[in-house]
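Everything below belongs to my_file05.cif, which stores mmCIF, C-alpha atoms.
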```
data_run
#
loop_
_atom_site.label_atom_id
_atom_site.label_comp_id
_atom_site.auth_asym_id
_atom_site.auth_seq_id
_atom_site.Cartn_x
_atom_site.Cartn_y
_atom_site.Cartn_z
CA MET C 1426 35.12 168.45 167.59
CA SER C 1427 36.38 164.98 166.74
CA ASP C 1428 38.75 163.90 163.98
CA HIS C 1429 35.69 162.44 162.22
CA ALA C 1430 34.27 165.96 161.79
CA GLU C 1431 37.60 167.13 160.36
CA GLN C 1432 37.51 164.28 157.84
CA LEU C 1433 33.92 165.19 156.94
CA VAL C 1434 34.89 168.82 156.31
CA GLY C 1435 37.74 167.73 154.03
CA THR C 1436 35.50 165.32 152.12
CA LEU C 1437 32.82 168.00 151.68
CA PHE C 1438 35.44 170.34 150.17
CA ARG C 1439 36.31 167.71 147.57
CA VAL C 1440 32.66 166.93 146.78
CA LEU C 1441 31.85 170.63 146.30
CA SER C 1442 34.76 170.97 143.84
CA GLU C 1443 33.88 167.84 141.87
CA GLU C 1444 30.14 168.52 141.63
CA GLY C 1445 30.37 172.07 140.32
CA HIS C 1446 29.87 174.39 143.29
CA PRO C 1447 33.01 176.57 143.07
CA GLU C 1448 31.33 179.62 144.64
CA VAL C 1449 30.51 177.68 147.80
CA ARG C 1450 34.03 176.28 147.96
CA GLU C 1451 35.58 179.75 147.50
CA THR C 1452 33.45 181.12 150.34
CA LEU C 1453 34.64 178.35 152.61
CA LEU C 1454 38.27 178.90 151.57
CA ARG C 1455 37.99 182.57 152.54
CA SER C 1456 36.60 181.48 155.88
CA TYR C 1457 39.51 179.07 156.28
CA HIS C 1458 42.11 181.79 155.62
CA SER C 1459 40.39 184.18 158.04
CA HIS C 1460 40.59 181.57 160.82
CA ALA C 1461 43.97 180.05 159.89
CA THR C 1462 45.69 181.27 163.06
CA THR C 1463 43.14 179.71 165.43
CA ASP C 1464 43.43 176.42 167.26
CA ARG C 1465 43.03 173.34 165.01
CA GLU C 1466 39.94 172.08 166.84
CA GLU C 1467 38.39 175.56 166.91
CA LEU C 1468 39.15 175.95 163.19
CA THR C 1469 37.35 172.68 162.40
CA ASP C 1470 34.33 173.79 164.48
CA ASP C 1471 34.21 177.16 162.67
CA LEU C 1472 34.55 175.60 159.23
CA PHE C 1473 31.88 173.01 159.93
CA SER C 1474 29.41 175.66 161.11
CA GLU C 1475 30.27 177.92 158.17
CA LEU C 1476 29.90 175.03 155.74
CA ILE C 1477 26.38 174.17 156.92
CA THR C 1478 25.38 177.85 156.81
CA VAL C 1479 26.77 178.40 153.29
CA LEU C 1480 25.12 175.24 151.97
CA HIS C 1481 21.80 176.41 153.39
CA GLU C 1482 22.17 179.87 151.85
CA ARG C 1483 23.65 179.04 148.44
CA VAL C 1484 22.07 175.77 147.29
CA ASP C 1485 18.62 174.22 147.38
CA THR C 1486 17.54 171.47 149.76
CA ALA C 1487 17.91 168.65 147.23
CA THR C 1488 21.49 169.70 146.46
CA GLN C 1489 22.29 169.97 150.17
CA VAL C 1490 21.08 166.42 150.69
CA ASP C 1491 23.04 165.23 147.66
CA VAL C 1492 26.33 166.89 148.73
CA LEU C 1493 26.10 165.77 152.35
CA GLY C 1494 24.98 162.28 151.37
CA THR C 1495 27.86 161.89 148.91
CA ALA C 1496 30.42 163.06 151.50
CA VAL C 1497 29.09 160.78 154.23
CA GLY C 1498 28.90 157.89 151.78
CA ARG C 1499 32.56 158.34 150.82
CA LEU C 1500 33.61 158.38 154.45
CA LEU C 1501 31.62 155.24 155.14
CA ASP C 1502 33.23 153.54 152.14
CA ARG C 1503 36.65 154.55 153.42
CA PHE C 1504 35.98 153.28 156.94
CA THR C 1505 34.49 150.06 155.58
CA THR C 1506 37.57 149.46 153.42
CA VAL C 1507 39.87 150.03 156.40
CA ILE C 1508 37.88 147.62 158.58
CA GLU C 1509 37.60 144.89 155.94
CA THR C 1510 41.26 144.99 154.87
CA ALA C 1511 42.76 145.27 158.37
CA PRO C 1512 45.02 142.30 159.25
CA VAL C 1513 43.55 142.24 162.77
CA ALA C 1514 40.10 141.24 163.97
CA ILE C 1515 37.69 144.17 164.33
CA LEU C 1516 34.27 143.54 165.82
CA THR C 1517 31.56 145.62 167.43
CA VAL C 1518 28.94 144.31 169.81
CA GLY C 1519 25.68 145.71 171.15
CA ARG C 1520 24.98 146.43 174.81
CA ASP C 1521 24.02 142.78 175.31
CA GLY C 1522 27.24 141.48 173.69
CA ASP C 1523 25.75 140.25 170.41
CA VAL C 1524 28.08 140.69 167.42
CA GLN C 1525 27.10 143.49 165.01
CA VAL C 1526 30.26 143.92 162.93
CA TRP C 1527 32.67 141.06 162.14
CA ASN C 1528 35.43 141.84 159.64
CA ASP C 1529 37.52 139.55 157.41
CA GLY C 1530 40.35 139.70 159.94
CA ALA C 1531 38.04 138.23 162.59
CA GLU C 1532 37.12 135.39 160.25
CA ARG C 1533 40.81 134.69 159.51
CA ILE C 1534 41.75 134.61 163.20
CA PHE C 1535 38.74 132.88 164.75
CA GLY C 1536 37.37 130.85 161.81
CA TRP C 1537 33.75 132.01 162.02
CA SER C 1538 32.26 133.69 158.93
CA ASP C 1539 30.39 136.97 159.14
CA SER C 1540 27.03 135.25 158.68
CA GLU C 1541 27.84 132.72 161.43
CA ALA C 1542 29.04 135.36 163.88
CA ARG C 1543 26.35 138.02 163.47
CA ARG C 1544 23.85 138.38 166.33
CA ARG C 1545 25.60 135.70 168.40
CA PRO C 1546 27.11 136.48 171.83
CA TYR C 1547 30.73 137.39 171.22
CA ASP C 1548 31.98 135.57 174.33
CA ARG C 1549 30.43 132.28 173.14
CA LEU C 1550 32.27 132.63 169.82
CA LEU C 1551 35.66 133.48 171.26
CA ALA C 1552 36.00 132.14 174.73
CA GLN C 1553 37.90 129.21 176.02
CA SER C 1554 36.94 130.71 179.36
CA SER C 1555 33.64 132.55 178.79
CA GLU C 1556 33.86 134.23 182.17
CA ARG C 1557 37.19 135.93 181.35
CA VAL C 1558 36.14 137.23 177.94
CA GLU C 1559 32.66 138.22 179.09
CA GLY C 1560 34.28 140.30 181.83
CA LEU C 1561 35.85 142.53 179.18
CA LEU C 1562 32.43 143.90 178.21
CA ASP C 1563 31.59 144.58 181.87
CA ARG C 1564 34.76 146.65 182.18
CA LEU C 1565 33.84 148.67 179.10
CA ARG C 1566 30.27 149.14 180.35
CA ASP C 1567 31.76 150.69 183.50
CA GLY C 1568 33.63 153.24 181.36
CA GLU C 1569 37.03 151.55 181.25
CA ARG C 1570 39.18 151.18 178.13
CA PHE C 1571 41.87 148.54 177.87
CA HIS C 1572 44.95 148.11 175.73
CA GLY C 1573 46.64 144.84 174.88
CA VAL C 1574 44.92 142.54 177.36
CA THR C 1575 45.93 138.93 176.67
CA VAL C 1576 43.12 136.36 176.82
CA ARG C 1577 42.77 132.76 175.70
CA CYS C 1578 40.21 132.21 172.96
CA THR C 1579 39.04 129.22 170.94
CA HIS C 1580 39.17 128.91 167.15
CA ARG C 1581 36.15 127.47 165.37
CA ASP C 1582 38.07 124.21 164.87
CA GLY C 1583 38.80 123.93 168.61
CA ARG C 1584 42.39 125.22 168.64
CA VAL C 1585 43.30 127.41 171.60
CA LEU C 1586 44.54 130.87 170.66
CA ASP C 1587 46.47 133.47 172.64
CA VAL C 1588 44.89 136.78 171.66
CA ARG C 1589 45.70 140.37 172.58
CA VAL C 1590 42.60 142.54 172.78
CA TRP C 1591 42.03 146.28 172.74
CA GLY C 1592 38.58 147.61 173.59
CA ALA C 1593 36.59 150.84 173.91
CA PRO C 1594 32.95 151.56 174.79
CA ILE C 1595 30.45 152.96 172.29
CA ARG C 1596 28.05 155.54 173.69
CA THR C 1597 24.92 157.30 172.45
CA GLY C 1598 24.50 161.06 172.29
CA ASP C 1599 23.32 161.19 175.91
CA GLY C 1600 26.36 159.19 177.07
CA SER C 1601 24.62 155.90 177.77
CA PHE C 1602 26.38 152.63 176.91
CA SER C 1603 25.27 151.14 173.58
CA GLY C 1604 28.00 148.59 172.90
CA ALA C 1605 31.71 148.23 172.37
CA VAL C 1606 34.38 147.89 169.70
CA PHE C 1607 37.13 145.27 170.01
CA VAL C 1608 40.38 144.92 168.08
CA ALA C 1609 42.14 141.57 168.46
CA SER C 1610 45.46 140.19 167.29
CA ASP C 1611 46.53 136.54 167.33
CA VAL C 1612 49.80 136.25 169.27
CA SER C 1613 49.78 132.45 169.63
CA GLU C 1614 52.96 131.87 167.62
CA ARG C 1615 54.80 134.60 169.50
CA LYS C 1616 53.68 133.19 172.86
CA GLN C 1617 54.80 129.69 171.86
CA ARG C 1618 58.15 131.05 170.70
CA GLU C 1619 58.58 132.91 173.98
CA GLN C 1620 57.76 129.76 175.95
CA ARG C 1621 60.28 127.70 173.98
CA LEU C 1622 62.97 130.34 174.46
CA ALA C 1623 62.17 130.56 178.17
CA VAL C 1624 62.57 126.78 178.57
CA LEU C 1625 65.78 126.78 176.52
CA ASN C 1626 67.09 129.71 178.57
CA ARG C 1627 66.42 127.96 181.87
CA VAL C 1628 67.99 124.70 180.70
CA LEU C 1629 71.10 126.45 179.38
CA ARG C 1630 71.52 128.54 182.53
CA HIS C 1631 71.12 125.44 184.71
CA ASN C 1632 73.71 123.55 182.65
CA VAL C 1633 76.13 126.50 182.62
CA ARG C 1634 75.99 126.83 186.41
CA ASN C 1635 76.51 123.09 186.91
CA ASP C 1636 79.39 122.92 184.41
CA VAL C 1637 81.07 125.99 185.89
CA ASN C 1638 80.89 124.44 189.38
CA VAL C 1639 82.46 121.21 188.05
CA VAL C 1640 85.26 123.09 186.27
CA ARG C 1641 85.95 125.22 189.35
CA GLY C 1642 86.21 122.07 191.47
CA HIS C 1643 88.83 120.61 189.10
CA LEU C 1644 90.54 124.00 188.92
CA GLU C 1645 91.00 124.05 192.69
CA MET C 1646 92.58 120.59 192.59
CA LEU C 1647 94.92 121.62 189.73
CA ALA C 1648 95.93 124.74 191.66
CA GLU C 1649 96.97 122.55 194.60
CA GLU C 1650 98.88 120.13 192.37
CA CYS C 1651 100.57 122.79 190.20
CA PRO C 1652 102.17 125.48 192.38
CA GLY C 1653 103.14 128.60 190.51
CA GLY C 1654 100.16 128.51 188.19
CA GLU C 1655 98.10 131.00 190.21
CA GLU C 1656 97.91 133.51 187.36
CA HIS C 1657 96.51 130.92 184.95
CA VAL C 1658 94.01 129.80 187.58
CA ARG C 1659 92.95 133.41 188.15
CA VAL C 1660 92.37 134.01 184.41
CA ILE C 1661 90.34 130.80 184.04
CA ASP C 1662 88.29 131.60 187.14
CA ASP C 1663 87.63 135.12 185.80
CA ARG C 1664 86.35 133.67 182.53
CA LEU C 1665 84.12 131.28 184.41
CA SER C 1666 82.67 134.20 186.37
CA ARG C 1667 81.92 135.97 183.10
CA MET C 1668 80.09 132.90 181.83
CA VAL C 1669 77.89 132.89 184.95
CA GLU C 1670 77.33 136.63 184.61
CA LEU C 1671 76.34 136.17 180.96
CA SER C 1672 73.78 133.50 181.90
CA GLU C 1673 72.28 135.87 184.49
CA THR C 1674 72.10 138.61 181.85
CA ALA C 1675 70.20 136.18 179.62
CA ARG C 1676 67.72 135.68 182.46
CA LYS C 1677 67.15 139.44 182.64
CA ILE C 1678 66.71 139.67 178.87
CA GLU C 1679 64.11 136.89 179.07
CA ARG C 1680 62.06 139.12 181.40
CA LEU C 1681 61.90 141.85 178.75
CA ARG C 1682 58.73 141.10 176.79
CA GLY C 1683 58.66 144.20 174.58
CA GLU C 1684 57.61 147.85 174.83
CA ASP C 1685 54.17 147.27 176.27
CA ALA C 1686 53.05 149.90 178.79
CA ALA C 1687 51.41 147.13 180.84
CA GLU C 1688 54.89 145.88 181.79
CA ARG C 1689 55.89 149.20 183.36
CA THR C 1690 55.68 150.25 186.97
CA THR C 1691 56.51 153.31 189.07
CA ILE C 1692 60.09 153.35 190.33
CA ASP C 1693 61.72 155.97 192.54
CA VAL C 1694 64.78 156.52 190.37
CA ALA C 1695 66.31 158.93 192.93
CA GLU C 1696 66.27 156.26 195.63
CA THR C 1697 67.74 153.74 193.19
CA LEU C 1698 70.51 156.17 192.19
CA HIS C 1699 71.43 156.90 195.82
CA GLU C 1700 71.86 153.15 196.43
CA ARG C 1701 73.85 152.60 193.21
CA VAL C 1702 76.13 155.59 193.79
CA GLU C 1703 76.98 154.36 197.29
CA ARG C 1704 77.75 150.90 195.91
CA LEU C 1705 79.95 152.42 193.20
CA ARG C 1706 81.89 154.47 195.77
CA SER C 1707 82.41 151.36 197.89
CA ASP C 1708 83.48 149.13 194.98
CA SER C 1709 85.66 151.74 193.23
CA CYS C 1710 87.74 153.38 195.92
CA ASP C 1711 89.99 155.14 193.40
CA ALA C 1712 87.06 156.83 191.61
CA ARG C 1713 85.67 160.23 192.49
CA VAL C 1714 81.88 159.80 192.29
CA ARG C 1715 79.71 162.89 192.70
CA SER C 1716 75.93 163.07 192.59
CA ASP C 1717 73.24 165.72 192.52
CA VAL C 1718 70.03 163.75 192.95
CA PRO C 1719 66.84 164.73 194.85
CA ASP C 1720 65.41 162.67 197.69
CA SER C 1721 62.63 161.32 195.48
CA LEU C 1722 61.91 161.20 191.75
CA PRO C 1723 59.23 158.68 190.65
CA VAL C 1724 59.39 157.55 187.02
CA VAL C 1725 57.43 155.03 184.97
CA ALA C 1726 59.76 152.27 183.80
CA HIS C 1727 60.35 148.55 183.45
CA GLU C 1728 61.19 146.81 186.72
CA LEU C 1729 64.69 146.09 185.35
CA LEU C 1730 65.59 149.79 185.15
CA PRO C 1731 68.06 149.48 188.10
CA HIS C 1732 70.09 146.98 186.04
CA ALA C 1733 70.32 149.46 183.16
CA LEU C 1734 71.57 152.13 185.59
CA ASP C 1735 74.12 149.65 186.98
CA ASN C 1736 75.49 149.03 183.48
CA VAL C 1737 75.87 152.73 182.70
CA LEU C 1738 77.50 153.50 186.07
CA ASP C 1739 79.85 150.52 185.93
CA ASN C 1740 80.94 151.39 182.38
CA ALA C 1741 81.76 154.93 183.49
CA VAL C 1742 84.38 153.51 185.88
CA GLU C 1743 85.52 150.20 184.35
CA HIS C 1744 86.42 151.66 180.94
CA ASN C 1745 87.93 154.85 182.37
CA ASP C 1746 91.71 155.09 181.92
CA SER C 1747 92.15 158.14 184.17
CA ASP C 1748 94.32 157.79 187.27
CA VAL C 1749 91.39 159.03 189.33
CA PRO C 1750 88.19 158.40 187.34
CA VAL C 1751 85.57 161.13 187.70
CA VAL C 1752 81.89 160.18 187.52
CA GLU C 1753 78.99 162.60 188.00
CA VAL C 1754 75.36 161.54 188.36
CA THR C 1755 72.59 164.12 188.00
CA THR C 1756 68.86 164.26 187.36
CA ASN C 1757 66.71 166.89 185.75
CA ARG C 1758 62.91 166.96 185.90
CA ASP C 1759 60.72 168.77 183.38
CA ALA C 1760 57.31 168.94 185.05
CA GLU C 1761 55.62 170.56 182.03
CA ARG C 1762 56.64 167.73 179.68
CA ASN C 1763 56.24 165.03 182.35
CA HIS C 1764 59.67 163.56 181.95
CA ALA C 1765 62.95 163.26 183.83
CA VAL C 1766 66.51 162.83 182.57
CA VAL C 1767 69.17 160.82 184.39
CA SER C 1768 72.69 161.78 183.26
CA VAL C 1769 75.93 159.91 183.94
CA VAL C 1770 79.10 161.86 183.02
CA ASP C 1771 82.69 160.59 183.06
CA ASP C 1772 86.16 161.77 182.04
CA GLY C 1773 87.19 158.55 180.31
CA PRO C 1774 88.30 157.97 176.70
CA GLY C 1775 84.77 158.24 175.31
CA LEU C 1776 82.39 155.58 174.05
CA PRO C 1777 83.49 153.89 170.78
CA ALA C 1778 81.24 154.50 167.77
CA THR C 1779 80.11 150.86 167.62
CA GLU C 1780 78.98 150.88 171.24
CA ARG C 1781 77.36 154.31 170.92
CA LYS C 1782 75.35 152.91 168.02
CA VAL C 1783 74.11 150.04 170.20
CA LEU C 1784 72.63 152.52 172.70
CA THR C 1785 71.21 155.14 170.32
CA SER C 1786 70.29 153.45 167.03
CA GLU C 1787 66.56 153.54 166.21
CA THR C 1788 66.71 150.06 164.69
CA GLU C 1789 68.28 146.79 165.77
CA THR C 1790 71.75 146.30 164.34
CA GLN C 1791 73.88 143.18 164.00
CA LEU C 1792 75.64 142.35 167.26
CA ASP C 1793 79.23 143.55 167.01
CA HIS C 1794 81.89 141.54 168.84
CA SER C 1795 83.14 144.71 170.51
CA SER C 1796 79.71 145.44 171.97
CA GLY C 1797 79.04 144.01 175.41
CA VAL C 1798 75.73 142.32 176.11
CA GLY C 1799 75.25 144.79 178.97
CA LEU C 1800 74.88 147.64 176.49
CA TRP C 1801 72.18 145.76 174.61
CA LEU C 1802 70.42 144.99 177.87
CA THR C 1803 70.56 148.68 178.81
CA ARG C 1804 69.10 149.68 175.46
CA TRP C 1805 66.29 147.12 175.65
CA ILE C 1806 65.38 148.03 179.24
CA VAL C 1807 65.15 151.74 178.44
CA ARG C 1808 63.08 151.06 175.32
CA SER C 1809 60.80 148.74 177.30
CA SER C 1810 60.42 151.59 179.78
CA GLY C 1811 59.14 153.88 177.01
CA GLY C 1812 62.27 155.98 177.35
CA SER C 1813 65.23 157.00 175.19
CA ILE C 1814 69.03 157.27 175.46
CA ALA C 1815 71.29 160.05 174.23
CA VAL C 1816 75.11 159.80 174.13
CA GLU C 1817 77.43 162.77 173.67
CA GLU C 1818 80.87 163.98 174.65
CA SER C 1819 81.05 165.25 178.21
CA GLU C 1820 82.57 168.51 179.36
CA TYR C 1821 85.54 166.44 180.62
CA GLY C 1822 86.20 164.92 177.20
CA GLY C 1823 84.63 161.62 178.19
CA THR C 1824 81.05 160.45 177.77
CA ARG C 1825 77.66 161.75 178.86
CA VAL C 1826 74.87 159.16 178.81
CA SER C 1827 71.39 160.64 179.32
CA ILE C 1828 68.36 158.44 179.92
CA ARG C 1829 64.99 160.12 179.42
CA LEU C 1830 61.98 158.60 181.21
CA ARG C 1831 58.36 159.55 181.82
CA THR C 1832 57.69 160.77 185.35
CA GLY C 1833 55.20 159.01 187.58
CA SER C 1834 53.02 160.14 190.44
CA GLY C 1835 54.76 160.91 193.69
#
```

Rewrite the structure of this file - the entire thing - as structure tokens.
Amino acid sequence: MSDHAEQLVGTLFRVLSEEGHPEVRETLLRSYHSHATTDREELTDDLFSELITVLHERVDTATQVDVLGTAVGRLLDRFTTVIETAPVAILTVGRDGDVQVWNDGAERIFGWSDSEARRRPYDRLLAQSSERVEGLLDRLRDGERFHGVTVRCTHRDGRVLDVRVWGAPIRTGDGSFSGAVFVASDVSERKQREQRLAVLNRVLRHNVRNDVNVVRGHLEMLAEECPGGEEHVRVIDDRLSRMVELSETARKIERLRGEDAAERTTIDVAETLHERVERLRSDSCDARVRSDVPDSLPVVAHELLPHALDNVLDNAVEHNDSDVPVVEVTTNRDAERNHAVVSVVDDGPGLPATERKVLTSETETQLDHSSGVGLWLTRWIVRSSGGSIAVEESEYGGTRVSIRLRTGSG
């Protein structure tokens, strides 16, 4: 039975208490205690059946109608209040697409009043491109649901809006399509901000690359004219390389649009780890890198997941002060819970508290000067993948970083 039935049972309990039917309520409470160990859905089914039976046996028809009518009325008032006060647009349409419900949020976002919107085709009210918006109803008619689809709509005054839409079909008792419910949120300001940042990012990266090339050209000439300054040249060149690397990191961050499931894809994390481990062995000859990874392990993650793994693996070696750094890479799959854990273990000095906080904090914290941008990128990629990171001391006294991800189909 649905959550709506559970809410109805709870409301009926309150109505029975308030309207002077304690004997009926006590009978239902005894039934509740006798079924308290059953499944929640089964309990709701049993209580609902018992409630109807008790009402029929203990009170007259007029009282039954009054109690049920009061309970349903309260639920309707509650749902109406939720719909009307919601900050997002909520609208329902019939099977032909004509608007039936149009809340205050819809009027705020799209500009049309309830009286203007009612019984008009929803796609004519919203669409900059009627074909695109109209297609949403066709998808719902075919049984599909969608979450966070971005479409372009038109405000009543002609302004173009970027809108994210969620939709679900409404069906009759026999399962036939009778309409749909849409929830829409105006993301125009966010889209504009993202576009401005994207342009600024590209301009800055272009300028950084050009300026670095110019400086390196002059640096080469200075190196030829000033023998004995090789160490200074090396330090300057290293800093220039870091500037270029930072601009590339900014490009990767730009590609992270949030934690939307639509931005995730299936990645074979085992294949990625095999490639990264081989690279690490080749680049870090002094390190002892061991791995226990299966041939294949598909996970659902953001396409930038390999960069997050690179950061964790590189940190395990670069910040390790052991004569022979030890790094172990393992995976563990929990088929019942549909997730996999990638663990990177080292024997280094351990991750400082400030950097551990960057990876594991539930909320964004102020950027600390000791925290590398790579750690923030790792955190954002894992969060955008719908995953989580745990950091603890390893059995070698160093650090264990565990990344938990949802498994995908093989």

- Residues returned when the PyMOL selection byres ((chain C and resi 1510) around 12) runs on this file, as a VMD selection string: chain C and resid 1503 to 1509 1511 to 1515 1527 to 1533

- Query: Any chance you could work out the residue set of the PyMOL selection byres ((chain C and resi 1739-1746) around 9) here, as a PyMOL selection string?
  - Reply: chain C and resi 1705+1709+1712+1734-1738+1747-1752+1769-1776+1823-1824

Export C-alpha atoms of the chosen residues as a PDB file, in the coordinates of the input?
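Below you can see part-v7.pdb, which holds the result:
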```
ATOM      1  CA  LEU C1705      79.950 152.420 193.200  1.00  0.00           C
ATOM      2  CA  SER C1709      85.660 151.740 193.230  1.00  0.00           C
ATOM      3  CA  ALA C1712      87.060 156.830 191.610  1.00  0.00           C
ATOM      4  CA  LEU C1734      71.570 152.130 185.590  1.00  0.00           C
ATOM      5  CA  ASP C1735      74.120 149.650 186.980  1.00  0.00           C
ATOM      6  CA  ASN C1736      75.490 149.030 183.480  1.00  0.00           C
ATOM      7  CA  VAL C1737      75.870 152.730 182.700  1.00  0.00           C
ATOM      8  CA  LEU C1738      77.500 153.500 186.070  1.00  0.00           C
ATOM      9  CA  SER C1747      92.150 158.140 184.170  1.00  0.00           C
ATOM     10  CA  ASP C1748      94.320 157.790 187.270  1.00  0.00           C
ATOM     11  CA  VAL C1749      91.390 159.030 189.330  1.00  0.00           C
ATOM     12  CA  PRO C1750      88.190 158.400 187.340  1.00  0.00           C
ATOM     13  CA  VAL C1751      85.570 161.130 187.700  1.00  0.00           C
ATOM     14  CA  VAL C1752      81.890 160.180 187.520  1.00  0.00           C
ATOM     15  CA  VAL C1769      75.930 159.910 183.940  1.00  0.00           C
ATOM     16  CA  VAL C1770      79.100 161.860 183.020  1.00  0.00           C
ATOM     17  CA  ASP C1771      82.690 160.590 183.060  1.00  0.00           C
ATOM     18  CA  ASP C1772      86.160 161.770 182.040  1.00  0.00           C
ATOM     19  CA  GLY C1773      87.190 158.550 180.310  1.00  0.00           C
ATOM     20  CA  PRO C1774      88.300 157.970 176.700  1.00  0.00           C
ATOM     21  CA  GLY C1775      84.770 158.240 175.310  1.00  0.00           C
ATOM     22  CA  LEU C1776      82.390 155.580 174.050  1.00  0.00           C
ATOM     23  CA  GLY C1823      84.630 161.620 178.190  1.00  0.00           C
ATOM     24  CA  THR C1824      81.050 160.450 177.770  1.00  0.00           C
TER      25      THR C1824
END
```

- Query: Taking (25.3, 137.6, 168.1) in the file's coordinates, which residues come within 12 Å, counting only C-alpha atoms, written as a PyMOL selection string?
  - Reply: chain C and resi 1516-1527+1537+1539-1551

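Picture a line from CA of Gly1536 (chain C) to CA of Arg1581 (chain C); it runs 5.1 Å.
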
- One decimal, Å: what's the distance from CA of Thr1486 (chain C) over to CA of Arg1439 (chain C), could you say?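 Going from CA of Thr1486 (chain C) over to CA of Arg1439 (chain C), I get 19.3 Å.
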
- For Asn1763 (chain C), which residue out of C:Gly1822, C:Arg1704, C:Val1807, C:Leu1830 is the nearest one, using all atoms listed in the file?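 Of all the options, C:Leu1830 lies closest to Asn1763 (chain C).
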
- Task: Measure the distance from CA of Asp1717 (chain C) to CA of Asn1757 (chain C) in Å and round it to one decimal.
- Result: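 Taking CA of Asp1717 (chain C) and CA of Asn1757 (chain C), their separation equals 9.5 Å.
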
- Selection dump of the PyMOL selection byres ((chain C and resi 1730) around 10), as a list of chain:residue names: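 Applied to this file, the PyMOL selection byres ((chain C and resi 1730) around 10) returns C:Arg1689, C:Ile1692, C:Val1694, C:Thr1697, C:Val1725, C:Ala1726, C:His1727, C:Glu1728, C:Leu1729, C:Pro1731, C:His1732, C:Ala1733, C:Leu1734, C:Asp1735, C:Leu1802, C:Thr1803, C:Trp1805, C:Ile1806, C:Val1807, C:Ser1809, C:Ser1810.
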
- Task: Excluding Leu1644 (chain C) and any residue of its chain fewer than 6 positions from it, enumerate the residues within 12 Å of it, using all atoms listed in the file, and give them as a ChimeraX atom specification.
- Result: /C:1637-1638,1650-1651,1654-1655,1657-1663,1665

How about saving the chosen residues, C-alpha atoms kept, as an mmCIF file, in the coordinates of the input?
```cif
data_model
loop_
_atom_site.group_PDB
_atom_site.id
_atom_site.type_symbol
_atom_site.label_atom_id
_atom_site.label_comp_id
_atom_site.auth_asym_id
_atom_site.auth_seq_id
_atom_site.Cartn_x
_atom_site.Cartn_y
_atom_site.Cartn_z
ATOM 1 C CA VAL C 1637 81.070 125.990 185.890
ATOM 2 C CA ASN C 1638 80.890 124.440 189.380
ATOM 3 C CA GLU C 1650 98.880 120.130 192.370
ATOM 4 C CA CYS C 1651 100.570 122.790 190.200
ATOM 5 C CA GLY C 1654 100.160 128.510 188.190
ATOM 6 C CA GLU C 1655 98.100 131.000 190.210
ATOM 7 C CA HIS C 1657 96.510 130.920 184.950
ATOM 8 C CA VAL C 1658 94.010 129.800 187.580
ATOM 9 C CA ARG C 1659 92.950 133.410 188.150
ATOM 10 C CA VAL C 1660 92.370 134.010 184.410
ATOM 11 C CA ILE C 1661 90.340 130.800 184.040
ATOM 12 C CA ASP C 1662 88.290 131.600 187.140
ATOM 13 C CA ASP C 1663 87.630 135.120 185.800
ATOM 14 C CA LEU C 1665 84.120 131.280 184.410
#
```

- List the residues sitting within 8 Å of (44.9, 137.7, 169.1) in the file's frame, using all atoms listed in the file, as a list in words.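 Residues satisfying the cut-off, written out: Val1513, Ala1514, Ile1534, Thr1575, Leu1586, Asp1587, Val1588, Arg1589, Val1590, Ala1609, Ser1610, Asp1611, Val1612 and Ser1613 of chain C.
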
Written file, previous selection with C-alpha atoms, as a short mmCIF file (atom, residue, chain, number, x, y, z; two decimals), in the frame of the given file:
```cif
data_model
loop_
_atom_site.label_atom_id
_atom_site.label_comp_id
_atom_site.auth_asym_id
_atom_site.auth_seq_id
_atom_site.Cartn_x
_atom_site.Cartn_y
_atom_site.Cartn_z
CA VAL C 1513 43.55 142.24 162.77
CA ALA C 1514 40.10 141.24 163.97
CA ILE C 1534 41.75 134.61 163.20
CA THR C 1575 45.93 138.93 176.67
CA LEU C 1586 44.54 130.87 170.66
CA ASP C 1587 46.47 133.47 172.64
CA VAL C 1588 44.89 136.78 171.66
CA ARG C 1589 45.70 140.37 172.58
CA VAL C 1590 42.60 142.54 172.78
CA ALA C 1609 42.14 141.57 168.46
CA SER C 1610 45.46 140.19 167.29
CA ASP C 1611 46.53 136.54 167.33
CA VAL C 1612 49.80 136.25 169.27
CA SER C 1613 49.78 132.45 169.63
#
```

- Item | Proximity to Arg1781 (chain C) - best of C:Arg1701, C:Arg1676, C:Arg1615, C:Arg1804, all atoms listed in the file | C:Arg1804
